[in-house]
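Q: Below you'll find coords_20.json; it's JSON, C-alpha atoms.
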```
[["chain", "number", "residue", "atom", "x", "y", "z"],
["A", 1, "MET", "CA", 7.70, -18.50, -29.36],
["A", 2, "ALA", "CA", 7.69, -18.92, -25.58],
["A", 3, "GLU", "CA", 9.29, -16.35, -23.35],
["A", 4, "ASP", "CA", 12.31, -17.23, -21.26],
["A", 5, "VAL", "CA", 11.34, -16.50, -17.66],
["A", 6, "ARG", "CA", 14.99, -15.88, -16.76],
["A", 7, "LYS", "CA", 15.13, -12.94, -19.17],
["A", 8, "LEU", "CA", 12.08, -11.09, -17.83],
["A", 9, "PRO", "CA", 12.85, -7.71, -16.27],
["A", 10, "LEU", "CA", 12.23, -7.40, -12.55],
["A", 11, "SER", "CA", 10.95, -3.83, -12.35],
["A", 12, "LEU", "CA", 7.34, -2.89, -13.06],
["A", 13, "ARG", "CA", 8.47, -0.44, -15.71],
["A", 14, "GLY", "CA", 10.62, -3.14, -17.31],
["A", 15, "LEU", "CA", 7.75, -5.63, -17.31],
["A", 16, "ARG", "CA", 5.36, -3.05, -18.77],
["A", 17, "ASP", "CA", 7.86, -2.13, -21.46],
["A", 18, "ALA", "CA", 8.46, -5.81, -22.28],
["A", 19, "VAL", "CA", 4.73, -6.38, -22.70],
["A", 20, "LEU", "CA", 4.23, -3.33, -24.91],
["A", 21, "ALA", "CA", 7.32, -4.05, -27.02],
["A", 22, "GLY", "CA", 6.29, -7.66, -27.63],
["A", 23, "ASP", "CA", 3.24, -7.00, -29.80],
["A", 24, "PRO", "CA", 0.56, -8.10, -27.28],
["A", 25, "GLY", "CA", -2.68, -9.37, -28.71],
["A", 26, "CYS", "CA", -4.73, -7.12, -26.42],
["A", 27, "LEU", "CA", -3.77, -4.01, -28.38],
["A", 28, "CYS", "CA", -5.94, -5.18, -31.30],
["A", 29, "ASP", "CA", -9.18, -4.63, -29.33],
["A", 30, "PRO", "CA", -8.70, -3.14, -25.84],
["A", 31, "GLU", "CA", -12.44, -3.28, -25.08],
["A", 32, "LEU", "CA", -12.30, -7.05, -25.41],
["A", 33, "PHE", "CA", -10.03, -7.11, -22.37],
["A", 34, "THR", "CA", -11.48, -4.24, -20.34],
["A", 35, "GLY", "CA", -15.17, -4.26, -21.23],
["A", 36, "PRO", "CA", -17.26, -1.98, -23.42],
["A", 37, "ALA", "CA", -16.44, 1.72, -23.23],
["A", 38, "GLY", "CA", -19.00, 3.76, -21.37],
["A", 39, "ILE", "CA", -20.52, 0.78, -19.57],
["A", 40, "GLU", "CA", -19.74, 0.07, -15.93],
["A", 41, "ALA", "CA", -18.61, -3.50, -15.24],
["A", 42, "GLU", "CA", -21.69, -4.23, -13.12],
["A", 43, "ASP", "CA", -23.95, -3.04, -15.97],
["A", 44, "GLU", "CA", -22.50, -5.44, -18.56],
["A", 45, "PRO", "CA", -24.85, -8.44, -18.95],
["A", 46, "ALA", "CA", -23.31, -11.55, -17.35],
["A", 47, "GLN", "CA", -23.66, -13.61, -20.52],
["A", 48, "ASP", "CA", -21.94, -10.91, -22.60],
["A", 49, "ARG", "CA", -19.17, -10.57, -20.03],
["A", 50, "ALA", "CA", -18.57, -14.34, -19.95],
["A", 51, "ALA", "CA", -18.40, -14.50, -23.75],
["A", 52, "ARG", "CA", -16.02, -11.51, -23.89],
["A", 53, "ILE", "CA", -13.71, -13.05, -21.28],
["A", 54, "THR", "CA", -13.68, -16.38, -23.14],
["A", 55, "VAL", "CA", -12.59, -14.68, -26.36],
["A", 56, "ALA", "CA", -10.01, -12.57, -24.49],
["A", 57, "ARG", "CA", -8.55, -15.74, -22.97],
["A", 58, "GLU", "CA", -8.25, -17.27, -26.43],
["A", 59, "VAL", "CA", -6.27, -14.23, -27.60],
["A", 60, "CYS", "CA", -4.08, -14.42, -24.48],
["A", 61, "ALA", "CA", -3.38, -18.12, -25.03],
["A", 62, "SER", "CA", -1.36, -17.35, -28.17],
["A", 63, "CYS", "CA", 0.09, -14.02, -27.04],
["A", 64, "PRO", "CA", 3.89, -13.81, -27.34],
["A", 65, "VAL", "CA", 4.19, -11.81, -24.09],
["A", 66, "ARG", "CA", 1.75, -13.71, -21.90],
["A", 67, "LEU", "CA", 4.35, -14.55, -19.26],
["A", 68, "ALA", "CA", 5.50, -10.93, -18.88],
["A", 69, "CYS", "CA", 1.85, -9.84, -18.75],
["A", 70, "LEU", "CA", 1.11, -12.35, -15.99],
["A", 71, "ALA", "CA", 4.19, -11.22, -14.03],
["A", 72, "TYR", "CA", 3.01, -7.61, -14.35],
["A", 73, "ALA", "CA", -0.52, -8.53, -13.26],
["A", 74, "LEU", "CA", 0.70, -10.51, -10.27],
["A", 75, "ARG", "CA", 2.75, -7.50, -9.14],
["A", 76, "THR", "CA", 0.08, -4.83, -9.77],
["A", 77, "ARG", "CA", -3.06, -6.84, -8.90],
["A", 78, "PRO", "CA", -5.39, -5.10, -11.37],
["A", 79, "ALA", "CA", -8.99, -4.40, -10.38],
["A", 80, "ALA", "CA", -10.45, -4.97, -13.85],
["A", 81, "GLY", "CA", -9.75, -6.52, -17.22],
["A", 82, "VAL", "CA", -8.25, -9.75, -18.49],
["A", 83, "TRP", "CA", -4.51, -10.11, -17.96],
["A", 84, "ALA", "CA", -2.60, -13.05, -19.47],
["A", 85, "GLY", "CA", -5.92, -14.90, -19.60],
["A", 86, "PHE", "CA", -6.78, -14.27, -15.94],
["A", 87, "THR", "CA", -9.46, -12.09, -14.38],
["A", 88, "PRO", "CA", -8.67, -9.96, -11.30],
["A", 89, "ASP", "CA", -10.38, -12.56, -9.08],
["A", 90, "ALA", "CA", -8.22, -15.35, -10.51],
["A", 91, "ILE", "CA", -5.09, -13.21, -10.11],
["A", 92, "ALA", "CA", -5.98, -12.62, -6.46],
["A", 93, "VAL", "CA", -6.28, -16.40, -5.95],
["A", 94, "LEU", "CA", -2.85, -16.93, -7.56],
["A", 95, "VAL", "CA", -1.27, -14.26, -5.36],
["A", 96, "ALA", "CA", -2.87, -15.74, -2.23],
["A", 97, "ALA", "CA", -1.68, -19.23, -3.18],
["A", 98, "ALA", "CA", 1.86, -17.96, -3.78],
["A", 99, "ASN", "CA", 1.87, -16.26, -0.38],
["A", 100, "ARG", "CA", 0.56, -19.33, 1.46],
["A", 101, "PRO", "CA", 3.28, -21.33, 3.22],
["A", 102, "ALA", "CA", 3.97, -24.73, 1.74],
["A", 103, "ARG", "CA", 2.57, -27.64, 3.68],
["A", 104, "PRO", "CA", 5.17, -30.07, 4.98],
["A", 105, "ARG", "CA", 5.13, -33.44, 3.29],
["A", 106, "ARG", "CA", 3.28, -36.09, 5.22],
["A", 107, "ARG", "CA", 5.16, -39.24, 6.05],
["A", 108, "THR", "CA", 3.26, -42.32, 5.03],
["A", 109, "ALA", "CA", 4.10, -45.92, 4.35],
["A", 110, "LEU", "CA", 3.92, -45.14, 0.63],
["A", 111, "ARG", "CA", 6.00, -41.98, 0.92],
["A", 112, "PRO", "CA", 8.71, -42.33, 3.58],
["A", 113, "ALA", "CA", 10.58, -39.24, 4.66],
["A", 114, "SER", "CA", 13.71, -38.66, 2.63],
["A", 115, "THR", "CA", 17.01, -37.88, 4.30],
["A", 116, "GLY", "CA", 18.19, -35.53, 1.59],
["A", 117, "PRO", "CA", 18.19, -34.99, -2.13],
["A", 118, "ALA", "CA", 17.63, -38.11, -4.19],
["A", 119, "ALA", "CA", 20.61, -39.56, -5.95],
["A", 120, "VAL", "CA", 20.46, -39.92, -9.69],
["A", 121, "SER", "CA", 20.32, -43.69, -9.39],
["A", 122, "GLU", "CA", 17.26, -43.42, -7.08],
["A", 123, "VAL", "CA", 15.34, -41.28, -9.58],
["A", 124, "ALA", "CA", 15.95, -43.42, -12.64]]
```
Render the structure in this file as structure tokens.

A:
Amino acid sequence: MAEDVRKLPLSLRGLRDAVLAGDPGCLCDPELFTGPAGIEAEDEPAQDRAARITVAREVCASCPVRLACLAYALRTRPAAGVWAGFTPDAIAVLVAAANRPARPRRRTALRPASTGPAAVSEVA
């Protein structure tokens, strides 16, 4: 069942609690999401790391609290692990994209500038 984004808590503690209360898939095998215990991230063979991340993403894809997990990760910007199917590098890209100002729409012959919101009859 998909989460309703309007019902997600806004505080970090609330997001964390929502994730933990929602039976996240990552609790089944934490090392799948964080890497093998006792091995530094740079010491994990690249092929093993890629395979581990692929499996972690598959678990995340069906997780009932993926949206809350992503919201938490976007706010905390974790340095390691797989969060809602994203690595820290991917999360950093998402945060940077969200912080980038929107480009103004270009006026072209195919896309003339609008003077306001489209009327219902214009959309249909």

Q: May I have the residues within 12 Å of Cys28 of chain A as a ChimeraX atom specification, using only C-alpha atoms and disregarding those fewer than 6 positions away in the same chain?

A: /A:56,59-60,63

Q: Print the selection's residues with C-alpha atoms to a file, as a PDB file, in the coordinates of the input.

A:
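Saved as out.pdb:
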```
ATOM      1  CA  ALA A  56     -10.010 -12.570 -24.490  1.00  0.00           C
ATOM      2  CA  VAL A  59      -6.270 -14.230 -27.600  1.00  0.00           C
ATOM      3  CA  CYS A  60      -4.080 -14.420 -24.480  1.00  0.00           C
ATOM      4  CA  CYS A  63       0.090 -14.020 -27.040  1.00  0.00           C
TER       5      CYS A  63
END
```

Q: Give me the residues within 9 Å of Gly81 of chain A as a VMD selection string, counting only C-alpha atoms and dropping any in the same chain fewer than 2 places off.

A: chain A and resid 31 to 35 53 78 to 79 83 86 to 88

Q: So which residues touch Leu15 of chain A within 10 Å, counting all atoms listed in the file, skipping near sequence neighbours fewer than 2 positions away, as a list of chain:residue names?

A: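 Final neighbour list, sorted by chain and number: A:Leu8, A:Pro9, A:Leu10, A:Ser11, A:Leu12, A:Arg13, A:Asp17, A:Ala18, A:Val19, A:Leu20, A:Ala21, A:Val65, A:Leu67, A:Ala68, A:Cys69, A:Leu70, A:Ala71, A:Tyr72, A:Ala73, A:Arg75.
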
Q: So, with all atoms listed in the file as the atoms that count, which of A:Asp89, A:Arg100, A:Pro36, A:Pro30 lies closest to Arg49 of chain A?

A: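 Using all atoms listed in the file, Arg49 of chain A sits closest to A:Pro36.
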
Q: Just to confirm, what's the straight-line distance from atom CA of Arg66 of chain A to atom CA of Ala90 of chain A in Å (one decimal)?

A: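 It comes out at 15.2 Å.
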
Q: Take atom CA of Gly22 of chain A and atom CA of Asn99 of chain A and report the distance between them in Å, one decimal.

A: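 Between atom CA of Gly22 of chain A and atom CA of Asn99 of chain A the gap works out to 28.9 Å.
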
Q: Just give me the gap between atom CA of Ala84 of chain A and atom CA of Thr54 of chain A in Å, one decimal is fine.

A: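 If I compute the distance from atom CA of Ala84 of chain A to atom CA of Thr54 of chain A, I get 12.1 Å.
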
Q: Which is closer to Ala96 of chain A than all the others in A:Ala51, A:Gly14, A:Leu74, A:Asp43, using all atoms listed in the file?

A: A:Leu74
